[in-house]
file model.cif (mmCIF, C-alpha atoms and all ligand atoms)
data_target
loop_
_atom_site.label_atom_id
_atom_site.label_comp_id
_atom_site.auth_asym_id
_atom_site.auth_seq_id
_atom_site.Cartn_x
_atom_site.Cartn_y
_atom_site.Cartn_z
CA MET A 1 98.89 81.48 118.09
CA LEU A 2 100.11 78.82 115.68
CA ALA A 3 102.41 79.51 112.71
CA ALA A 4 104.58 77.52 110.30
CA VAL A 5 107.99 79.18 110.44
CA THR A 6 110.63 78.50 107.79
CA ARG A 7 113.69 78.89 110.02
CA SER A 8 116.37 78.22 107.40
CA PRO A 9 116.45 76.53 103.99
CA GLY A 10 114.62 73.22 104.24
CA VAL A 11 113.62 73.68 107.89
CA MET A 12 109.97 74.49 108.62
CA VAL A 13 108.72 74.28 112.18
CA VAL A 14 105.12 74.65 113.33
CA GLY A 15 104.91 76.32 116.72
CA GLN A 16 103.65 79.23 118.78
CA VAL A 17 104.39 82.83 117.77
CA PRO A 18 103.12 86.10 119.29
CA GLU A 19 99.81 87.48 118.01
CA PRO A 20 99.90 90.79 116.13
CA GLY A 21 99.08 93.89 118.18
CA PRO A 22 96.10 96.16 117.38
CA PRO A 23 95.95 97.21 113.69
CA GLY A 24 97.49 100.48 112.51
CA PRO A 25 94.93 103.09 111.31
CA LEU A 26 95.07 101.83 107.69
CA ASP A 27 95.71 98.15 108.48
CA VAL A 28 93.44 95.19 109.04
CA ILE A 29 94.02 92.07 111.12
CA VAL A 30 93.00 89.02 109.11
CA ARG A 31 92.54 85.35 109.95
CA PRO A 32 93.95 83.25 107.06
CA GLU A 33 91.72 80.36 105.96
CA ALA A 34 93.21 78.57 102.94
CA VAL A 35 96.77 79.07 101.71
CA GLY A 36 97.94 77.86 98.30
CA ILE A 37 101.48 76.54 97.95
CA CYS A 38 103.28 77.19 94.68
CA GLY A 39 106.60 76.76 92.94
CA SER A 40 108.00 80.00 94.32
CA ASP A 41 107.25 78.80 97.87
CA LEU A 42 109.33 75.76 97.07
CA HIS A 43 112.19 77.93 95.71
CA PHE A 44 112.08 79.96 98.92
CA TYR A 45 111.83 76.91 101.17
CA THR A 46 114.85 75.27 99.56
CA GLY A 47 116.86 78.53 99.65
CA ASP A 48 116.88 78.84 95.83
CA THR A 49 116.17 82.57 96.11
CA GLY A 50 118.06 83.34 92.88
CA ALA A 51 114.88 82.22 91.12
CA LEU A 52 112.71 84.75 92.99
CA SER A 53 111.98 88.43 92.32
CA GLY A 54 114.13 90.62 94.50
CA ALA A 55 116.37 87.67 95.45
CA ARG A 56 116.29 88.78 99.08
CA SER A 57 115.43 86.24 101.68
CA VAL A 58 115.43 86.68 105.36
CA PHE A 59 114.96 83.71 107.60
CA PRO A 60 113.08 83.02 109.72
CA ARG A 61 110.02 83.67 107.55
CA ILE A 62 106.34 82.68 107.76
CA GLN A 63 105.53 81.79 104.14
CA GLY A 64 102.19 81.88 102.30
CA HIS A 65 101.40 84.50 99.62
CA GLU A 66 98.27 82.93 98.04
CA PHE A 67 95.53 83.06 100.61
CA SER A 68 91.99 83.81 101.60
CA ALA A 69 91.22 85.28 104.99
CA ILE A 70 88.46 86.67 107.18
CA ILE A 71 88.83 90.22 108.43
CA GLU A 72 89.06 90.11 112.21
CA GLN A 73 89.58 93.77 113.06
CA THR A 74 89.91 97.02 111.08
CA GLY A 75 92.11 100.05 111.81
CA GLY A 76 90.51 103.39 112.68
CA ASP A 77 90.98 105.01 109.25
CA CYS A 78 89.97 102.04 107.07
CA PRO A 79 87.16 102.69 104.56
CA GLY A 80 83.67 101.84 105.85
CA ASP A 81 83.03 99.15 103.23
CA VAL A 82 85.76 96.95 104.75
CA LYS A 83 84.17 95.17 107.70
CA ALA A 84 85.07 92.52 110.26
CA GLY A 85 83.72 89.16 109.08
CA ASP A 86 84.30 89.87 105.37
CA ARG A 87 86.15 87.24 103.37
CA VAL A 88 89.04 88.68 101.37
CA ALA A 89 91.88 87.61 99.10
CA VAL A 90 95.18 89.28 99.88
CA TRP A 91 97.10 91.03 97.09
CA PRO A 92 100.58 90.32 98.45
CA LEU A 93 102.42 93.15 96.72
CA ARG A 94 103.58 96.55 97.77
CA GLY A 95 106.06 98.70 95.87
CA CYS A 96 108.57 101.19 97.25
CA GLY A 97 106.83 104.10 95.47
CA ARG A 98 110.17 105.69 94.53
CA CYS A 99 111.83 103.56 91.82
CA TYR A 100 111.23 103.95 88.07
CA PRO A 101 108.67 101.11 87.72
CA CYS A 102 106.74 102.36 90.78
CA ARG A 103 106.64 105.91 89.38
CA ALA A 104 105.58 104.50 86.01
CA GLY A 105 102.57 102.78 87.65
CA ARG A 106 104.18 99.34 87.48
CA ALA A 107 104.82 98.56 91.14
CA ASN A 108 104.56 94.87 90.22
CA ALA A 109 108.08 95.25 88.80
CA CYS A 110 109.39 97.36 91.72
CA VAL A 111 113.15 97.00 92.21
CA SER A 112 112.62 96.38 95.90
CA LEU A 113 109.44 94.36 95.63
CA ASP A 114 107.88 93.60 98.98
CA LEU A 115 105.65 90.52 98.95
CA VAL A 116 103.62 89.15 101.84
CA GLY A 117 104.83 85.58 102.44
CA ILE A 118 108.22 86.13 100.79
CA HIS A 119 109.77 89.39 101.96
CA ARG A 120 107.55 89.68 105.03
CA ASP A 121 105.49 87.16 107.02
CA GLY A 122 102.55 85.61 105.19
CA GLY A 123 99.47 83.45 105.52
CA LEU A 124 100.79 80.36 107.30
CA GLN A 125 99.75 81.72 110.69
CA GLN A 126 96.45 82.19 112.48
CA LEU A 127 96.44 86.02 112.42
CA LEU A 128 98.32 88.70 110.53
CA SER A 129 98.20 92.43 109.91
CA VAL A 130 98.08 93.74 106.32
CA PRO A 131 97.42 97.20 104.84
CA VAL A 132 93.74 97.62 103.96
CA SER A 133 94.82 98.53 100.40
CA GLN A 134 95.99 94.92 99.97
CA VAL A 135 92.72 93.17 100.80
CA PHE A 136 90.08 92.55 98.12
CA GLY A 137 86.56 91.45 99.03
CA VAL A 138 85.54 88.21 97.30
CA GLY A 139 81.78 88.27 97.96
CA ASP A 140 80.25 84.83 98.41
CA LEU A 141 83.34 82.95 97.18
CA GLY A 142 84.41 80.07 99.44
CA PRO A 143 87.80 80.06 101.17
CA GLU A 144 89.45 77.61 98.74
CA PRO A 145 88.63 79.33 95.41
CA ALA A 146 89.40 82.68 97.09
CA ALA A 147 92.93 81.36 97.72
CA PHE A 148 93.25 80.91 93.94
CA VAL A 149 92.72 84.63 93.20
CA GLU A 150 96.46 85.33 93.60
CA PRO A 151 97.68 82.72 91.07
CA MET A 152 94.83 83.81 88.75
CA SER A 153 96.08 87.41 89.00
CA ILE A 154 99.51 86.25 87.77
CA ALA A 155 97.82 84.76 84.69
CA VAL A 156 95.69 87.87 84.14
CA HIS A 157 98.81 90.04 84.19
CA ALA A 158 100.71 87.78 81.77
CA LEU A 159 97.81 87.76 79.28
CA GLY A 160 97.51 91.53 79.63
CA ARG A 161 101.20 91.91 78.75
CA ALA A 162 100.53 90.12 75.45
CA GLY A 163 97.20 91.86 74.84
CA VAL A 164 95.48 88.49 74.38
CA GLY A 165 92.01 88.95 72.92
CA GLY A 166 89.08 87.11 71.36
CA GLY A 167 89.77 84.63 68.58
CA GLN A 168 93.55 84.77 69.05
CA GLN A 169 95.50 81.51 69.24
CA VAL A 170 97.57 81.20 72.40
CA VAL A 171 100.02 78.45 73.32
CA VAL A 172 100.49 78.02 77.06
CA LEU A 173 103.67 76.13 77.92
CA GLY A 174 103.20 74.24 81.20
CA ALA A 175 99.87 73.16 82.71
CA GLY A 176 100.70 73.67 86.37
CA PRO A 177 98.47 76.04 88.38
CA ILE A 178 99.70 79.21 86.60
CA GLY A 179 99.50 77.59 83.15
CA LEU A 180 96.00 76.30 83.93
CA ALA A 181 94.97 79.74 85.22
CA ALA A 182 96.34 81.27 82.01
CA ALA A 183 94.49 78.71 79.87
CA LEU A 184 91.25 79.43 81.76
CA ALA A 185 91.63 83.21 81.62
CA ALA A 186 92.58 83.21 77.92
CA SER A 187 89.65 80.93 77.04
CA ALA A 188 87.32 83.12 79.10
CA ALA A 189 88.56 86.10 77.05
CA GLY A 190 87.55 84.27 73.87
CA ALA A 191 91.03 83.17 72.85
CA ARG A 192 91.75 79.68 71.48
CA VAL A 193 94.22 77.84 73.70
CA MET A 194 96.67 75.01 73.22
CA ALA A 195 98.48 73.84 76.37
CA THR A 196 101.61 71.71 76.60
CA ASP A 197 102.71 69.57 79.54
CA PRO A 198 104.49 66.22 79.95
CA VAL A 199 101.98 65.06 82.60
CA PRO A 200 98.80 63.52 81.06
CA ALA A 201 96.61 64.46 84.07
CA ARG A 202 97.64 68.10 83.71
CA ARG A 203 96.82 68.01 79.98
CA GLY A 204 93.41 66.67 80.98
CA LEU A 205 92.91 69.60 83.34
CA ALA A 206 93.97 72.04 80.61
CA LEU A 207 91.13 70.74 78.41
CA LYS A 208 88.76 70.97 81.38
CA VAL A 209 89.56 74.67 81.98
CA GLY A 210 88.92 75.55 78.34
CA ALA A 211 91.95 74.68 76.18
CA GLU A 212 90.90 73.16 72.84
CA ASN A 213 94.18 71.29 72.47
CA ALA A 214 96.69 69.82 74.94
CA ALA A 215 99.86 68.23 73.64
CA TRP A 216 103.25 66.84 74.51
CA GLY A 217 106.19 65.37 72.62
CA GLY A 218 109.78 66.08 71.63
CA ASP A 219 110.77 69.61 70.60
CA GLY A 220 110.25 68.99 66.87
CA GLU A 221 107.01 67.12 67.43
CA LEU A 222 105.52 69.90 69.57
CA LEU A 223 106.58 72.51 67.03
CA ASP A 224 104.84 70.48 64.31
CA THR A 225 101.69 70.31 66.45
CA VAL A 226 101.68 74.10 66.88
CA GLN A 227 102.30 74.61 63.16
CA ALA A 228 99.44 72.28 62.26
CA TRP A 229 97.11 73.95 64.79
CA THR A 230 97.87 77.42 63.41
CA GLY A 231 97.70 76.58 59.72
CA GLY A 232 101.49 76.70 59.43
CA TRP A 233 101.94 80.22 60.78
CA GLY A 234 102.98 79.67 64.38
CA ALA A 235 101.11 81.06 67.37
CA PRO A 236 100.57 84.83 67.78
CA THR A 237 101.10 84.43 71.53
CA VAL A 238 103.11 81.97 73.59
CA ILE A 239 102.95 82.14 77.39
CA ASP A 240 105.79 80.29 79.13
CA THR A 241 104.83 79.26 82.65
CA THR A 242 107.33 76.39 82.97
CA GLY A 243 110.34 77.93 84.72
CA ASP A 244 112.34 75.68 82.39
CA PRO A 245 115.01 77.74 80.58
CA GLY A 246 114.81 75.42 77.53
CA ALA A 247 111.18 76.43 77.05
CA LEU A 248 112.14 79.97 76.04
CA ALA A 249 114.00 78.77 72.93
CA GLN A 250 111.04 76.51 72.18
CA ALA A 251 108.66 79.47 72.58
CA THR A 252 110.64 81.58 70.10
CA ARG A 253 110.29 78.77 67.57
CA MET A 254 106.55 78.29 68.18
CA VAL A 255 105.63 81.97 68.03
CA CYS A 256 104.67 83.38 64.63
CA SER A 257 106.42 86.33 63.02
CA ALA A 258 105.39 89.58 64.75
CA GLY A 259 104.08 87.49 67.64
CA THR A 260 104.62 87.80 71.38
CA VAL A 261 106.23 85.52 73.94
CA VAL A 262 105.51 86.21 77.62
CA VAL A 263 107.78 84.60 80.21
CA VAL A 264 106.08 84.04 83.58
CA GLY A 265 107.91 80.98 84.93
CA MET A 266 110.93 81.79 87.07
CA SER A 267 114.36 80.26 86.92
CA ALA A 268 117.90 81.18 87.91
CA ALA A 269 119.29 79.18 84.97
CA THR A 270 120.58 80.52 81.63
CA ALA A 271 118.44 80.08 78.53
CA PRO A 272 120.29 79.19 75.32
CA LEU A 273 118.77 81.18 72.46
CA ARG A 274 119.59 81.93 68.83
CA SER A 275 119.54 85.73 68.85
CA GLY A 276 118.76 86.01 65.12
CA VAL A 277 115.22 84.86 65.78
CA PHE A 278 114.35 88.30 67.25
CA PRO A 279 114.99 90.38 64.10
CA GLU A 280 114.05 87.60 61.67
CA LYS A 281 110.56 87.23 63.13
CA GLU A 282 110.38 90.65 64.81
CA ILE A 283 109.02 89.00 67.92
CA ASP A 284 108.34 90.64 71.27
CA VAL A 285 109.63 88.69 74.25
CA LEU A 286 108.16 90.13 77.43
CA GLY A 287 108.60 89.37 81.09
CA SER A 288 105.64 89.28 83.47
CA SER A 289 106.08 89.90 87.19
CA CYS A 290 103.36 89.39 89.81
CA ALA A 291 100.18 91.42 89.21
CA THR A 292 98.80 94.93 89.63
CA ALA A 293 95.75 95.86 91.71
CA PRO A 294 93.50 96.02 88.59
CA ASP A 295 94.76 92.54 87.59
CA PHE A 296 93.89 91.31 91.08
CA ARG A 297 90.39 92.77 90.83
CA ALA A 298 89.91 91.09 87.44
CA ALA A 299 91.15 87.82 88.95
CA VAL A 300 88.49 88.01 91.71
CA ALA A 301 85.78 88.27 89.01
CA LEU A 302 87.27 85.39 86.97
CA VAL A 303 87.47 83.10 90.00
CA GLN A 304 83.90 84.05 90.97
CA SER A 305 82.56 83.01 87.58
CA HIS A 306 84.67 79.83 87.24
CA ARG A 307 84.70 78.54 90.83
CA GLU A 308 83.47 75.01 89.99
CA THR A 309 86.12 74.53 87.31
CA ILE A 310 88.82 75.89 89.60
CA ALA A 311 87.82 73.47 92.38
CA ALA A 312 89.13 70.65 90.14
CA LEU A 313 92.67 72.07 90.48
CA PHE A 314 92.86 71.54 94.26
CA SER A 315 94.65 68.21 94.49
CA HIS A 316 95.82 68.05 98.10
CA ARG A 317 94.88 69.63 101.42
CA PHE A 318 96.89 69.72 104.64
CA PRO A 319 96.23 71.34 108.03
CA LEU A 320 98.66 74.02 109.22
CA THR A 321 100.26 71.54 111.61
CA ARG A 322 101.41 69.52 108.55
CA ALA A 323 102.60 72.50 106.48
CA ARG A 324 105.99 70.91 105.79
CA GLU A 325 104.30 67.90 104.18
CA ALA A 326 102.39 70.28 101.89
CA ILE A 327 105.65 71.79 100.60
CA GLU A 328 107.16 68.33 100.17
CA CYS A 329 104.05 67.30 98.23
CA VAL A 330 104.59 70.20 95.79
CA ALA A 331 108.24 69.16 95.46
CA ASP A 332 107.50 65.50 94.74
CA PRO A 333 106.79 64.86 91.03
CA ALA A 334 105.20 61.51 91.97
CA SER A 335 102.58 63.14 94.22
CA GLY A 336 100.40 64.23 91.30
CA ALA A 337 100.09 67.64 92.98
CA VAL A 338 98.42 70.45 91.07
CA LYS A 339 97.35 73.09 93.61
CA VAL A 340 98.15 72.12 97.18
CA LEU A 341 96.26 73.95 99.93
CA ILE A 342 97.00 74.41 103.60
CA THR A 343 93.97 75.00 105.79
CA VAL A 344 94.81 77.41 108.59
CA GLY A 345 91.56 78.17 110.43
CA GLY A 346 90.93 76.96 113.96
CA PRO A 347 90.71 79.00 117.12
CA VAL A 348 93.73 81.10 118.05
CA SER A 349 95.91 79.54 120.82
ZN ZN A 401 102.47 81.69 94.09
ZN ZN A 402 109.57 100.60 93.64
#
call {"tool": "encode", "arguments": {"input": "model.cif", "output": "structure tokens"}}
result
Amino acid sequence: MLAAVTRSPGVMVVGQVPEPGPPGPLDVIVRPEAVGICGSDLHFYTGDTGALSGARSVFPRIQGHEFSAIIEQTGGDCPGDVKAGDRVAVWPLRGCGRCYPCRAGRANACVSLDLVGIHRDGGLQQLLSVPVSQVFGVGDLGPEPAAFVEPMSIAVHALGRAGVGGGQQVVVLGAGPIGLAAALAASAAGARVMATDPVPARRGLALKVGAENAAWGGDGELLDTVQAWTGGWGAPTVIDTTGDPGALAQATRMVCSAGTVVVVGMSAATAPLRSGVFPEKEIDVLGSSCATAPDFRAAVALVQSHRETIAALFSHRFPLTRAREAIECVADPASGAVKVLITVGGPVS
């Protein structure tokens, strides 16, 4: 069968790999359909693994952690409601079950996080075996929106960290796919959203997914915009999806006293911060890593009810044979890429 194999940093080769054997008793064999490519795929592809959870990278690797798939075969002990032919979204995460976060019910922050498509082979191949506990039925959702469940789950988890609720004002820094998912999910929860992004087309999408305000400008100018939008108080919640270390300092200035900043975007760089801002404003600055199973389930429901809006985020599509071009498209600021999809499909061999 066909797979896109990242052999070493910057080297992705599409070629034949062996098919998986029969599924284990609690595993399913799935046939990936649409695979989303995101910033962390790019970090992995370029060997910038310092910016990834776990920081382990083993080449060669078949990437792809945001994907929809059709169940091909189920293991003998799988629950009866999981059937061949069902379309699923794959929750890529499994925890070790032994570390403190795993024992505390927060496997999404496991110290030896194990993600499909990063720490083990993922969706950029025609068949793969995954534990049945990691597949979530998506009902009548099409393959492309179903591939957006994973990025949506990241947004759901980040908003959950901040306890975002109805009527609250939320600033989302960055209107890439995760920022847009956060803007959509927060708006759907009844929050009022302002998004920031330097790219006008992305600001346009932020308004389309439910933000009431989308802005850009210098640091002082953006701060003024947030102050004006919040009646001079600052925002109760700021979600940073940029992966830009400078954005964290900006977020601590935008957030109101007693407010919450959630950092979702990943970076290996150091963020310069004035530490006095923490006690002065008594702010909470929280990290958000991946998503839990309940977040993933909530993301399925959100994508189901906003599938038309989400379709506007799919900017580019490539077949599996051109997977490398898809990654390069995400990397190229001039491409106008928002969510880039790779279509796997096709008969095996
Ligand atoms: Zn991703
Ligand atoms: Zn663990």
call {"tool": "atom_distance", "arguments": {"input": "model.cif", "atom1": "CA of Ala201 (chain A)", "atom2": "CA of Gly179 (chain A)"}}
result
13.5 Å
call {"tool": "residues_near_ligand", "arguments": {"input": "model.cif", "ligand": "ligand ZN 402 (chain A)", "cutoff": "9 Å", "atoms": "all atoms listed in the file", "output": "PDB file with C-alpha atoms, keeping the file's coordinate frame"}}
result
ATOM      1  CA  ARG A  94     103.580  96.550  97.770  1.00  0.00           C
ATOM      2  CA  GLY A  95     106.060  98.700  95.870  1.00  0.00           C
ATOM      3  CA  CYS A  96     108.570 101.190  97.250  1.00  0.00           C
ATOM      4  CA  GLY A  97     106.830 104.100  95.470  1.00  0.00           C
ATOM      5  CA  ARG A  98     110.170 105.690  94.530  1.00  0.00           C
ATOM      6  CA  CYS A  99     111.830 103.560  91.820  1.00  0.00           C
ATOM      7  CA  TYR A 100     111.230 103.950  88.070  1.00  0.00           C
ATOM      8  CA  PRO A 101     108.670 101.110  87.720  1.00  0.00           C
ATOM      9  CA  CYS A 102     106.740 102.360  90.780  1.00  0.00           C
ATOM     10  CA  ARG A 103     106.640 105.910  89.380  1.00  0.00           C
ATOM     11  CA  ARG A 106     104.180  99.340  87.480  1.00  0.00           C
ATOM     12  CA  ALA A 107     104.820  98.560  91.140  1.00  0.00           C
ATOM     13  CA  ASN A 108     104.560  94.870  90.220  1.00  0.00           C
ATOM     14  CA  ALA A 109     108.080  95.250  88.800  1.00  0.00           C
ATOM     15  CA  CYS A 110     109.390  97.360  91.720  1.00  0.00           C
ATOM     16  CA  VAL A 111     113.150  97.000  92.210  1.00  0.00           C
ATOM     17  CA  SER A 112     112.620  96.380  95.900  1.00  0.00           C
ATOM     18  CA  LEU A 113     109.440  94.360  95.630  1.00  0.00           C
ATOM     19  CA  ASP A 114     107.880  93.600  98.980  1.00  0.00           C
TER      20      ASP A 114
END
call {"tool": "residues_near_ligand", "arguments": {"input": "model.cif", "ligand": "ligand ZN 401 (chain A)", "cutoff": "10 Å", "atoms": "only C-alpha atoms and all ligand atoms", "output": "list of chain:residue names"}}
result
A:Val35, A:Gly36, A:Ile37, A:Cys38, A:Gly39, A:Ser40, A:Asp41, A:Leu42, A:Gly64, A:His65, A:Glu66, A:Phe67, A:Pro92, A:Gly117, A:Ile118, A:Phe148, A:Glu150, A:Pro151, A:Met152, A:Ser153, A:Ile154, A:Pro177, A:Ile178, A:Cys290
call {"tool": "write_last_selection", "arguments": {"input": "model.cif", "atoms": "C-alpha atoms", "output": "PDB file, keeping the file's coordinate frame"}}
result
ATOM      1  CA  VAL A  35      96.770  79.070 101.710  1.00  0.00           C
ATOM      2  CA  GLY A  36      97.940  77.860  98.300  1.00  0.00           C
ATOM      3  CA  ILE A  37     101.480  76.540  97.950  1.00  0.00           C
ATOM      4  CA  CYS A  38     103.280  77.190  94.680  1.00  0.00           C
ATOM      5  CA  GLY A  39     106.600  76.760  92.940  1.00  0.00           C
ATOM      6  CA  SER A  40     108.000  80.000  94.320  1.00  0.00           C
ATOM      7  CA  ASP A  41     107.250  78.800  97.870  1.00  0.00           C
ATOM      8  CA  LEU A  42     109.330  75.760  97.070  1.00  0.00           C
ATOM      9  CA  GLY A  64     102.190  81.880 102.300  1.00  0.00           C
ATOM     10  CA  HIS A  65     101.400  84.500  99.620  1.00  0.00           C
ATOM     11  CA  GLU A  66      98.270  82.930  98.040  1.00  0.00           C
ATOM     12  CA  PHE A  67      95.530  83.060 100.610  1.00  0.00           C
ATOM     13  CA  PRO A  92     100.580  90.320  98.450  1.00  0.00           C
ATOM     14  CA  GLY A 117     104.830  85.580 102.440  1.00  0.00           C
ATOM     15  CA  ILE A 118     108.220  86.130 100.790  1.00  0.00           C
ATOM     16  CA  PHE A 148      93.250  80.910  93.940  1.00  0.00           C
ATOM     17  CA  GLU A 150      96.460  85.330  93.600  1.00  0.00           C
ATOM     18  CA  PRO A 151      97.680  82.720  91.070  1.00  0.00           C
ATOM     19  CA  MET A 152      94.830  83.810  88.750  1.00  0.00           C
ATOM     20  CA  SER A 153      96.080  87.410  89.000  1.00  0.00           C
ATOM     21  CA  ILE A 154      99.510  86.250  87.770  1.00  0.00           C
ATOM     22  CA  PRO A 177      98.470  76.040  88.380  1.00  0.00           C
ATOM     23  CA  ILE A 178      99.700  79.210  86.600  1.00  0.00           C
ATOM     24  CA  CYS A 290     103.360  89.390  89.810  1.00  0.00           C
TER      25      CYS A 290
END
call {"tool": "atom_distance", "arguments": {"input": "model.cif", "atom1": "CA of Met1 (chain A)", "atom2": "CA of Thr74 (chain A)"}}
result
19.3 Å
call {"tool": "closest_residue", "arguments": {"input": "model.cif", "among": "A:Val13, A:Gly259, A:Gly220, A:Gly142", "to": "Glu308 (chain A)", "atoms": "all atoms listed in the file"}}
result
A:Gly142
call {"tool": "residues_around", "arguments": {"input": "model.cif", "residues": "Leu26 (chain A)", "least_positions_apart": "4", "cutoff": "9 Å", "atoms": "only C-alpha atoms", "output": "number ranges by chain"}}
result
A: 74-79, 130-133
call {"tool": "closest_residue", "arguments": {"input": "model.cif", "among": "A:Ser68, A:Gln125, A:Thr49, A:Thr241", "to": "Ala155 (chain A)", "atoms": "only C-alpha atoms"}}
result
A:Thr241
